[in-house]
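Notes for the one structure printed next.
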Number of protein chains: 2
Amino acid sequence: MRLERFGGLPSEEVMGRVRSAARAAHDAGLSGLLIQQHVDLYYFTGTAQRGALYIAADPDARTPGVLFVIKDPRRAAAESKFPVIRPLAKLRDLPEALAREGFTDMEAVGLELDVLPARSYLYLSELFPSIRFVDASSIVRRLRAVKSPLERKLIGRAARQLVSLFKATPSFFTPNAREIDIAVAAEAHLRGLGHQGIIRLRAFCQELFYGVVVSGPSGAVGSSLDGPVSGMGLSPAFPQGASPKIIGDDEAVLLDMVGAWGGYLADGARVFYRKNLPDRAARAYEVSLEIQDAVVNLARPGTPAGELFAAAERIAQSHGLLDHLMGIGDGRLSYIGHGIGLEVDESPVIAKGSDQRLVEGNVFALEPKFVFGDIGAVGVENTFYLGPAGPELLTDAPQQPVRVG
Amino acid sequence: MRLERFGGLPSEEVMGRVRSAARAAHDAGLSGLLIQQHVDLYYFTGTAQRGALYIAADPDARTPGVLFVIKDPRRAAAESKFPVIRPLAKLRDLPEALAREGFTDMEAVGLELDVLPARSYLYLSELFPSIRFVDASSIVRRLRAVKSPLERKLIGRAARQLVSLFKATPSFFTPNAREIDIAVAAEAHLRGLGHQGIIRLRAFCQELFYGVVVSGPSGAVGSSLDGPVSGMGLSPAFPQGASPKIIGDDEAVLLDMVGAWGGYLADGARVFYRKNLPDRAARAYEVSLEIQDAVVNLARPGTPAGELFAAAERIAQSHGLLDHLMGIGDGRLSYIGHGIGLEVDESPVIAKGSDQRLVEGNVFALEPKFVFGDIGAVGVENTFYLGPAGPELLTDAPQQPVRVG
């Protein structure tokens with residue numbers, strides 16, 4: 001097994017992202033952006049060390065801004081190609097430190113209010129009484145939704161972890177294997193390929209640990225997770241994922257897992273079974289593939305996301321399966337896909353009624369799944385890069401359910 | 001391997017916690033607490049499903065409050081012994097839903113402002129224009145710092161995962177093993193014992209994936225992690241933990257890992273080596289044990305946490321190692337231990353100058369570690385329950401460095 005470290009983001013990548021952010025902040029009438037969440041810091045600078053990045057809303061400025069690092073400044077300097085990096089002892093010193101770099105008289109400054117804790121927001125508001133802080137999270141999400149060639153490559157490598165995983169999965173099925181046994185083997189397999197372990201979601205209190213492994217009725221259990229399939233997990237403390245349930249001979253086993261490389265993620269799901277896949281599960285899986293094909297045929301730069309969701313509903317309806325698409329009855333979720341990159345829950349969301357138009361460079365996971373109270377969950381999930389001619393499959397593993405013997 | 005699910009928190013546990021919260025809210029002059037973070041929801045109700053828990057500041061009230069569940073209400077009802085659970089379609093309906101349960105005319109209400117996103121806080125402030133929202137995170141932290149007998153038991157089970165891990169660790173050392181190989185094996189070992197996978201930290205952007213494995217100089221690399229030992233990790237995107245570095249014959253290998261059962265965590269570290277432990281590493285490890293003994297002898301209900309830190313510094317100083325305690329030089333951290341429970345970074349923090357007094361029922365991880373630029377990090381870490389007569393060791397594995405052959 002050959003496994004190197006991912007060294008980091010090159011200068012052009014970092015500078016391109018920062019310039020786009022400066023332009024977006026300028027267009028929004030802001031003086032600048034103050035970025036503090038570690039994933040966004042990594043996105044804009046190549047380091048996730050703790051601190052604050054000020055991006056001035058001037059796309060033509062000589063200095064794009066300053067990265068202030070509280071912990072660990074030495075490591076940040078080694079990791080980041082961002083040109084201006086300064087150590088910062090305490091957040092309290094930020095006003096003075098910004099002034100020292102020539103950034104004064106800011107009026108409106110954008111913050112990541114979707115993730116920044118309220119206490120930090122209130123503290124900043126006191127620290128900078130003359131600045132009006134506004135929510136810039138939609139700017140950040142919009143910028144991050146369009147992937148560069150390097151990002152496509154990194155997500156592609158995360159996707160290949162899943163291809164390797166799905167190929168190896170049948171070997172995990174020992175006699176009397178439980179969901180948790182498959183999960184332990186799958187997790188170790190991914191980790192051995194250089195999976196970073198941690199999977200980030202942006203929404204408050206949303207978590208994933210590699211993904212979920214469910215079998216038969218476990219697939220029908222709902223949870224706080226904003227996804228169609230949760231699983232029972234090992235306790236109510238983390239109520240999702242594999243459980244100690246033994247996998248039956250005639251049950252659909254859904255592996256829905258996330259690959260991760262250099263911070264970038266890919267999401268994919270496949271179905272396995274020991275002896276027989278229940279007829280309804282097999283048929284619903286075929287419909288899932290039919291929806292995937294239809295969406296791939298429709299999705300182009302410019303297509304409104306809601307049209308893709310509507311197409312999925314029409315196909316499910318035509319097979320009498322609408323009540324099982326992405327959940328059961330009134331528990332159904334109103335999306336069939338989500339953007340993915342450094343976080344699992346990125347833009348665009350392929351959601352009911354969404355008029356957000358797809359853009360070349362979007363990367364999204366498409367997951368038309370069906371849930372039944374008795375036989376659980378089935379469906380395919382793949383991560384696609386949206387090229388000029390349509391979606392390109394990154395999780396390029398065989399798509400049919402696999403009998404594990 | 002026998003592994004059952006942890007079924008959840010019994011009614012007495014949940015009701016005792018909620019009554020304590022009601023009393024604390026009352027003493028703070030609040031009308032009540034509105035809890036939304038998933039870990040706190042689990043602590044107070046036994047379910048981590050998404051929603052909001054209102055605890056009225058009246059410890060003698062007939063109804064302790066209401067748990068409103070957005071997703072998944074059915075699962076919350078199955079998991080939680082909290083007596084009043086209501087489905088809630090959207091957070092927007094909360095004012096009306098609270099009024100329907102008889103909760104009106106609230107004046108000051110406590111929120112978890114340390115973890116609640118700013119956007120959610122601003123939304124609630126608009127939704128309840130007549131309520132003054134205040135920060136109740138210190139109340140929550142104080143309540144959670146005192147563990148019940150059940151919590152002690154659950155943390156004890158998490159600690160036994162670590163005992164099993166440290167016993168098995170020598171078998172992970174294959175020829176030319178890299179840090180990441182030891183990590184993959186250690187993670188799979190813990191997971192196979194029912195480890196939940198996810199490890200929660202409360203502070204903004206702090207993360208752990210099981211823990212860290214470092215060897216030799218890797219132990220000296222700092223990072224954004226608020227701990228003395230980080231490791232290089234696999235990329236700057238998640239800059240901590242094991243790396244592909246091959247473990248040398250004469251290097252200290254520090255395994256610092258977190259066990260997890262039923263949501264509860266235990267933290268422990270041990271040192272391993274192949275052929276020779278460098279002299280300075282061996283001596284510093286002995287000092288780490290000496291500090292541990294001293295702290296165990298001093299720590300009683302009522303002892304100020306700062307006294308324990310001062311004792312650690314005195315001992316380090318007496319061995320000429322003060323400049324290496326918990327980091328190097330001005331990179332040294334100013335604590336040697338931290339409370340642990342559902343999150344790794346709980347109260348009490350055993351920190352420099354802290355006058356916070358220990359309380360019977362505190363559970364803390366004590367980690368007097370030494371860091372050297374050339375030979376890396378060594379030190380012992382154990383999780384203790386503070387009984388009336390002093391700290392009781394939960395991570396009861398042999399303490400000496402282990403030669404792995």
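Lettering and numbering for the structure tokens are positional, with chains as A, B, ... in the shown order, residues counted from 1 in each chain, and ligands counted from 1 in the shown order.
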
Please report, as a tab-separated table, each residue of chain B lying at most 7 Å from chain A, together with the nearest pair of atoms and the separation in Å rounded to one decimal; use only C-alpha atoms, and order rows by chain and ascending residue number.
residue	atom	partner	partner_atom	distance
B:Leu3	CA	A:Pro244	CA	6.6
B:Glu4	CA	A:Pro244	CA	6.3
B:Arg5	CA	A:Leu234	CA	4.8
B:Phe6	CA	A:Ser235	CA	4.8
B:Gly7	CA	A:Ser235	CA	6.1
B:Gly8	CA	A:Pro236	CA	6.0
B:Gln37	CA	A:Cys205	CA	6.5
B:His38	CA	A:Cys205	CA	6.0
B:Tyr42	CA	A:Ala237	CA	6.3
B:Gly46	CA	A:Pro236	CA	7.0
B:Thr47	CA	A:Pro236	CA	5.7
B:Ala48	CA	A:Ala237	CA	6.0
B:Gln49	CA	A:Ser224	CA	4.8
B:Arg50	CA	A:Ser224	CA	5.2
B:Lys71	CA	A:Ser224	CA	5.0
B:Asp72	CA	A:Ser223	CA	4.9
B:Arg75	CA	A:Ser223	CA	6.6
B:Glu79	CA	A:Pro236	CA	6.5
B:Leu113	CA	A:Arg119	CA	5.1
B:Asp114	CA	A:Arg119	CA	5.4
B:Val115	CA	A:Pro117	CA	5.1
B:Leu116	CA	A:Pro117	CA	5.3
B:Pro117	CA	A:Pro117	CA	4.3
B:Ala118	CA	A:Ala118	CA	3.8
B:Arg119	CA	A:Leu113	CA	5.1
B:Tyr121	CA	A:Ala118	CA	6.2
B:Val184	CA	A:Ala188	CA	6.1
B:Ala188	CA	A:Val184	CA	6.2
B:Arg191	CA	A:Val184	CA	6.4
B:Gly192	CA	A:Val184	CA	6.6
B:Gln196	CA	A:Leu234	CA	6.5
B:Gly197	CA	A:Phe209	CA	6.3
B:Ile198	CA	A:Phe209	CA	6.0
B:Cys205	CA	A:His38	CA	6.0
B:Phe209	CA	A:Ile198	CA	6.0
B:Gly222	CA	A:Asp72	CA	6.0
B:Ser223	CA	A:Asp72	CA	5.0
B:Ser224	CA	A:Gln49	CA	4.8
B:Leu234	CA	A:Arg5	CA	4.8
B:Ser235	CA	A:Phe6	CA	4.8
B:Pro236	CA	A:Thr47	CA	5.7
B:Ala237	CA	A:Gly263	CA	4.8
B:Phe238	CA	A:Gly263	CA	6.7
B:Pro244	CA	A:Glu4	CA	6.3
B:Gly262	CA	A:Ser235	CA	5.6
B:Gly263	CA	A:Ala237	CA	4.8

Just the alpha helix (DSSP H) stuff from stretch 17-256 of chain B, please, per backbone DSSP, written as a ChimeraX atom specification.
-> /B:17-27,38-45,73-79,94-100,118-127,137-144,149-168,179-192

For A:Asp249, list every protein, DNA or RNA residue within 7 Å, evaluated using only C-alpha atoms, and leave out those in the same chain fewer than 3 positions away; present the list as a ChimeraX atom specification.
-> /A:274-276

How would the residues just chosen look if you wrote them out with N, CA and C atoms as a PDB file, in the first residue's frame?
ATOM      1  N   ARG A 274     -27.091 -11.280   0.561  1.00  0.00           N
ATOM      2  CA  ARG A 274     -26.494 -12.609   0.701  1.00  0.00           C
ATOM      3  C   ARG A 274     -27.113 -13.615  -0.277  1.00  0.00           C
ATOM      4  N   LYS A 275     -28.452 -13.840  -0.151  1.00  0.00           N
ATOM      5  CA  LYS A 275     -29.073 -14.880  -0.994  1.00  0.00           C
ATOM      6  C   LYS A 275     -30.017 -14.260  -2.014  1.00  0.00           C
ATOM      7  N   ASN A 276     -31.054 -13.590  -1.500  1.00  0.00           N
ATOM      8  CA  ASN A 276     -32.054 -13.002  -2.400  1.00  0.00           C
ATOM      9  C   ASN A 276     -32.313 -11.556  -2.026  1.00  0.00           C
TER      10      ASN A 276
END

A:Lys81 environment, 7 Å, only C-alpha atoms, sequence neighbours closer than 4 positions dropped, as a ChimeraX atom specification = /A:10-11,14,45-46

Compile the contact shell of stretch 254-260 of chain B as a PyMOL selection string: residues with an atom at most 7 Å away, counting only C-alpha atoms, same-chain residues fewer than 5 positions apart removed.
-> chain B and resi 158-159+161-162+195-196+210-215+265-272+377-378

Export of prior selection with C-alpha atoms as a PDB file, in the first residue's frame:
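Result written to out-v6.pdb:
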ATOM      1  CA  ALA B 158     -15.165   3.666  27.522  1.00  0.00           C
ATOM      2  CA  ALA B 159     -12.018   3.494  29.660  1.00  0.00           C
ATOM      3  CA  GLN B 161     -11.883   0.023  25.650  1.00  0.00           C
ATOM      4  CA  LEU B 162      -8.575   1.850  26.120  1.00  0.00           C
ATOM      5  CA  HIS B 195     -16.712   2.507  20.078  1.00  0.00           C
ATOM      6  CA  GLN B 196     -19.241   4.918  18.568  1.00  0.00           C
ATOM      7  CA  TYR B 210     -10.170   8.718  17.807  1.00  0.00           C
ATOM      8  CA  GLY B 211      -6.990  10.462  18.945  1.00  0.00           C
ATOM      9  CA  VAL B 212      -3.430  10.677  17.732  1.00  0.00           C
ATOM     10  CA  VAL B 213      -0.536   8.329  17.076  1.00  0.00           C
ATOM     11  CA  VAL B 214       2.858  10.036  16.868  1.00  0.00           C
ATOM     12  CA  SER B 215       6.403   8.717  16.736  1.00  0.00           C
ATOM     13  CA  LEU B 265     -15.738   9.268  26.522  1.00  0.00           C
ATOM     14  CA  ALA B 266     -12.512   8.347  28.281  1.00  0.00           C
ATOM     15  CA  ASP B 267      -9.094   9.673  27.342  1.00  0.00           C
ATOM     16  CA  GLY B 268      -5.790   7.888  27.827  1.00  0.00           C
ATOM     17  CA  ALA B 269      -2.248   7.746  26.496  1.00  0.00           C
ATOM     18  CA  ARG B 270       0.629   5.281  26.709  1.00  0.00           C
ATOM     19  CA  VAL B 271       4.118   5.115  25.227  1.00  0.00           C
ATOM     20  CA  PHE B 272       5.507   2.240  23.164  1.00  0.00           C
ATOM     21  CA  ALA B 377       6.295  13.772  22.936  1.00  0.00           C
ATOM     22  CA  VAL B 378       6.035  11.446  25.937  1.00  0.00           C
TER      23      VAL B 378
END

Quick one: everything within 6 Å of B:Gly65, counting only C-alpha atoms, minus sequence neighbours fewer than 5 positions away in the same chain. Send it as a list in words.
-> Tyr54, Ile55 and Ala56 of chain B

Would you mind exporting the chosen residues as an mmCIF file, in the first residue's frame, restricted to all heavy atoms?
data_model
loop_
_atom_site.group_PDB
_atom_site.id
_atom_site.type_symbol
_atom_site.label_atom_id
_atom_site.label_comp_id
_atom_site.auth_asym_id
_atom_site.auth_seq_id
_atom_site.Cartn_x
_atom_site.Cartn_y
_atom_site.Cartn_z
ATOM 1 N N TYR B 54 -37.289 22.944 26.095
ATOM 2 C CA TYR B 54 -37.494 24.051 27.023
ATOM 3 C C TYR B 54 -37.582 23.496 28.439
ATOM 4 O O TYR B 54 -38.404 22.634 28.726
ATOM 5 C CB TYR B 54 -38.756 24.859 26.688
ATOM 6 C CG TYR B 54 -38.887 26.064 27.580
ATOM 7 C CD1 TYR B 54 -38.027 27.158 27.420
ATOM 8 C CD2 TYR B 54 -39.821 26.111 28.615
ATOM 9 C CE1 TYR B 54 -38.104 28.261 28.259
ATOM 10 C CE2 TYR B 54 -39.903 27.209 29.455
ATOM 11 C CZ TYR B 54 -39.033 28.275 29.275
ATOM 12 O OH TYR B 54 -39.100 29.371 30.109
ATOM 13 N N ILE B 55 -36.706 23.975 29.314
ATOM 14 C CA ILE B 55 -36.732 23.594 30.727
ATOM 15 C C ILE B 55 -37.162 24.826 31.514
ATOM 16 O O ILE B 55 -36.477 25.852 31.517
ATOM 17 C CB ILE B 55 -35.340 23.130 31.215
ATOM 18 C CG1 ILE B 55 -34.845 21.940 30.393
ATOM 19 C CG2 ILE B 55 -35.397 22.768 32.697
ATOM 20 C CD1 ILE B 55 -33.431 21.479 30.750
ATOM 21 N N ALA B 56 -38.320 24.739 32.149
ATOM 22 C CA ALA B 56 -38.823 25.870 32.923
ATOM 23 C C ALA B 56 -38.025 26.000 34.222
ATOM 24 O O ALA B 56 -37.696 24.999 34.856
ATOM 25 C CB ALA B 56 -40.304 25.678 33.225
#

If you run DSSP on this backbone, which residues of stretch 97-183 of chain B come out as strand (DSSP E), and could you give them as a ChimeraX atom specification?
-> /B:108-111,132-135

Point-to-point distance in Å for atom CA of B:Ala365 and atom CA of B:Arg141 = 16.1 Å

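Residue nearest B:Leu150 within the list B:Ser354, B:Gly341, B:Pro398, B:Ser130: B:Gly341 [criterion: smallest interatomic distance, only C-alpha atoms].
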
Selection: 9 Å around B:Met106, only C-alpha atoms, excl. self and same-chain fewer than 2 positions, as a ChimeraX atom specification = /B:30-32,103-104,108-109,130-132

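For the pair atom CA of A:Asp396 and atom CA of A:Gly337, the separation is 17.2 Å.
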
Just how far from atom CA of A:Thr395 is atom CA of A:Thr169, in Å to one decimal?
-> 15.0 Å
